[in-house]
Amino acid sequence: MHEQRAPLDTGRLFERHHQRPRDAAPPRVFAAFADPVAKARWFAGPQDWGPGERRCDFRVGGTERVAGGPKDGVQHVFDALYYDIIPNERIIYAYEMHLDKRKISVSLATIEFRAEGKGTHLTFTEQGVF
């Protein structure tokens, strides 16, 4: 995780809960999160930001970092730590978001994958402070 441990600006709590059906089976939807190459296709900033920094060790205890931003602009940083992974069923991770060196949020996220017909019912729950 990021080395700076400054307090968050507001300390406000939030919770988000999204549910979405997907047309692909759970192994394919899970792979979109577990495979770093697949995830890089959809979890990235705008193209004009350039490649930025990206590394992922997708395992319990592993970390992920995605950082980038506009040339000569504010850097957006996502630092995550994976706590629980059950293939094709669940991913639990905590993450911090930074703008340059200023921490803007800390969250706990759970992603659940449930077979539904020929597809997947995806549930994303996030609790955090910003």
# chains A, B, ... in the order shown; residues from 1 in each chain; ligands from 1
$ residues_around --residues "Arg90 in chain A" --least-positions-apart "3" --cutoff "9 Å" --atoms "only C-alpha atoms" --output "compact mmCIF listing (two decimals) with C-alpha atoms, in the first residue's frame"
# COMPACT_ATOMS: atom_id res chain seq x y z
CA PHE A 30 -14.04 -13.87 -12.83
CA ASP A 84 -9.96 -13.52 0.07
CA ILE A 85 -10.24 -15.16 -3.34
CA ILE A 86 -12.51 -18.09 -4.16
CA PRO A 87 -12.18 -18.74 -7.91
CA THR A 110 -16.42 -7.62 -2.21
CA ILE A 111 -17.25 -8.98 -5.65
CA GLU A 112 -19.52 -12.03 -5.85
CA PHE A 113 -20.10 -14.16 -8.96
CA ARG A 114 -23.21 -16.37 -9.09
$ residues_around --residues "range 24-27 of chain A" --least-positions-apart "6" --cutoff "9 Å" --atoms "only C-alpha atoms" --output "list in words"
Pro87, Asn88, Glu89, Phe113, Arg114, Ala115, Glu116, Gly117, Lys118, Gly119, Thr120, His121 and Leu122 of chain A
$ select_by_dssp --residues "range 1-128 of chain A" --states "strand (DSSP E or B)" --output "VMD selection string"
chain A and resid 13 to 22 53 to 56 63 to 68 76 to 86 90 to 99 102 to 116 119 to 128
$ write_last_selection --atoms "C-alpha atoms" --output "PDB file, in the first residue's frame"
ATOM      1  CA  LEU A  13     -18.460   6.987   5.258  1.00  0.00           C
ATOM      2  CA  PHE A  14     -20.065   5.560   2.142  1.00  0.00           C
ATOM      3  CA  GLU A  15     -21.479   2.265   0.964  1.00  0.00           C
ATOM      4  CA  ARG A  16     -22.239   1.159  -2.578  1.00  0.00           C
ATOM      5  CA  HIS A  17     -24.021  -1.944  -3.703  1.00  0.00           C
ATOM      6  CA  HIS A  18     -24.368  -2.814  -7.399  1.00  0.00           C
ATOM      7  CA  GLN A  19     -25.870  -5.879  -8.991  1.00  0.00           C
ATOM      8  CA  ARG A  20     -25.584  -6.622 -12.683  1.00  0.00           C
ATOM      9  CA  PRO A  21     -26.343  -9.589 -14.877  1.00  0.00           C
ATOM     10  CA  ARG A  22     -23.583 -10.593 -17.317  1.00  0.00           C
ATOM     11  CA  GLU A  53       2.151   2.021 -13.910  1.00  0.00           C
ATOM     12  CA  ARG A  54       0.392  -1.331 -13.613  1.00  0.00           C
ATOM     13  CA  ARG A  55       1.262  -4.376 -11.548  1.00  0.00           C
ATOM     14  CA  CYS A  56      -0.884  -7.138 -10.113  1.00  0.00           C
ATOM     15  CA  THR A  63      -1.197  -6.498  -4.129  1.00  0.00           C
ATOM     16  CA  GLU A  64      -2.300  -4.513  -7.146  1.00  0.00           C
ATOM     17  CA  ARG A  65      -1.266  -1.025  -8.222  1.00  0.00           C
ATOM     18  CA  VAL A  66      -2.611   1.037 -11.072  1.00  0.00           C
ATOM     19  CA  ALA A  67      -1.290   4.576 -11.395  1.00  0.00           C
ATOM     20  CA  GLY A  68      -1.453   7.174 -14.087  1.00  0.00           C
ATOM     21  CA  HIS A  76      -4.316   8.887  -9.830  1.00  0.00           C
ATOM     22  CA  VAL A  77      -3.185   5.879  -7.780  1.00  0.00           C
ATOM     23  CA  PHE A  78      -5.109   2.696  -6.874  1.00  0.00           C
ATOM     24  CA  ASP A  79      -3.299   0.456  -4.322  1.00  0.00           C
ATOM     25  CA  ALA A  80      -5.060  -2.773  -3.335  1.00  0.00           C
ATOM     26  CA  LEU A  81      -4.437  -5.778  -1.080  1.00  0.00           C
ATOM     27  CA  TYR A  82      -6.306  -9.054  -1.725  1.00  0.00           C
ATOM     28  CA  TYR A  83      -7.762 -10.701   1.387  1.00  0.00           C
ATOM     29  CA  ASP A  84      -9.961 -13.515   0.067  1.00  0.00           C
ATOM     30  CA  ILE A  85     -10.236 -15.164  -3.339  1.00  0.00           C
ATOM     31  CA  ILE A  86     -12.511 -18.093  -4.157  1.00  0.00           C
ATOM     32  CA  ARG A  90     -15.766 -14.212  -4.657  1.00  0.00           C
ATOM     33  CA  ILE A  91     -12.982 -11.627  -4.408  1.00  0.00           C
ATOM     34  CA  ILE A  92     -12.454  -9.457  -1.304  1.00  0.00           C
ATOM     35  CA  TYR A  93      -9.883  -6.675  -1.305  1.00  0.00           C
ATOM     36  CA  ALA A  94      -9.121  -3.385   0.420  1.00  0.00           C
ATOM     37  CA  TYR A  95      -7.788  -0.416  -1.471  1.00  0.00           C
ATOM     38  CA  GLU A  96      -6.617   3.174  -1.140  1.00  0.00           C
ATOM     39  CA  MET A  97      -7.035   5.888  -3.754  1.00  0.00           C
ATOM     40  CA  HIS A  98      -4.592   8.797  -4.007  1.00  0.00           C
ATOM     41  CA  LEU A  99      -4.345  11.947  -6.087  1.00  0.00           C
ATOM     42  CA  ARG A 102      -3.041  12.948  -1.092  1.00  0.00           C
ATOM     43  CA  LYS A 103      -5.113   9.976   0.082  1.00  0.00           C
ATOM     44  CA  ILE A 104      -8.713  10.507  -1.024  1.00  0.00           C
ATOM     45  CA  SER A 105     -10.377   7.233   0.031  1.00  0.00           C
ATOM     46  CA  VAL A 106      -9.967   3.837   1.688  1.00  0.00           C
ATOM     47  CA  SER A 107     -12.400   1.038   0.823  1.00  0.00           C
ATOM     48  CA  LEU A 108     -13.249  -2.599   1.368  1.00  0.00           C
ATOM     49  CA  ALA A 109     -14.751  -4.254  -1.717  1.00  0.00           C
ATOM     50  CA  THR A 110     -16.422  -7.622  -2.212  1.00  0.00           C
ATOM     51  CA  ILE A 111     -17.250  -8.980  -5.655  1.00  0.00           C
ATOM     52  CA  GLU A 112     -19.518 -12.030  -5.848  1.00  0.00           C
ATOM     53  CA  PHE A 113     -20.101 -14.159  -8.956  1.00  0.00           C
ATOM     54  CA  ARG A 114     -23.210 -16.369  -9.095  1.00  0.00           C
ATOM     55  CA  ALA A 115     -24.233 -18.521 -12.033  1.00  0.00           C
ATOM     56  CA  GLU A 116     -27.592 -17.425 -13.401  1.00  0.00           C
ATOM     57  CA  GLY A 119     -24.664 -16.013 -17.471  1.00  0.00           C
ATOM     58  CA  THR A 120     -23.433 -14.534 -14.206  1.00  0.00           C
ATOM     59  CA  HIS A 121     -25.112 -12.393 -11.597  1.00  0.00           C
ATOM     60  CA  LEU A 122     -22.362 -10.030 -10.433  1.00  0.00           C
ATOM     61  CA  THR A 123     -22.700  -8.311  -7.038  1.00  0.00           C
ATOM     62  CA  PHE A 124     -20.252  -5.572  -6.080  1.00  0.00           C
ATOM     63  CA  THR A 125     -20.359  -4.217  -2.521  1.00  0.00           C
ATOM     64  CA  GLU A 126     -18.041  -1.458  -1.351  1.00  0.00           C
ATOM     65  CA  GLN A 127     -17.711   0.293   1.996  1.00  0.00           C
ATOM     66  CA  GLY A 128     -15.298   3.129   2.480  1.00  0.00           C
TER      67      GLY A 128
END
$ decode --residues "range 114-128 of chain A" --atoms "C-alpha atoms" --output "short mmCIF file (atom, residue, chain, number, x, y, z; two decimals), in the first residue's frame"
data_model
loop_
_atom_site.label_atom_id
_atom_site.label_comp_id
_atom_site.auth_asym_id
_atom_site.auth_seq_id
_atom_site.Cartn_x
_atom_site.Cartn_y
_atom_site.Cartn_z
CA ARG A 114 -23.21 -16.37 -9.09
CA ALA A 115 -24.23 -18.52 -12.03
CA GLU A 116 -27.59 -17.43 -13.40
CA GLY A 117 -28.85 -19.32 -16.43
CA LYS A 118 -26.06 -19.19 -19.02
CA GLY A 119 -24.66 -16.01 -17.47
CA THR A 120 -23.43 -14.53 -14.21
CA HIS A 121 -25.11 -12.39 -11.60
CA LEU A 122 -22.36 -10.03 -10.43
CA THR A 123 -22.70 -8.31 -7.04
CA PHE A 124 -20.25 -5.57 -6.08
CA THR A 125 -20.36 -4.22 -2.52
CA GLU A 126 -18.04 -1.46 -1.35
CA GLN A 127 -17.71 0.29 2.00
CA GLY A 128 -15.30 3.13 2.48
#
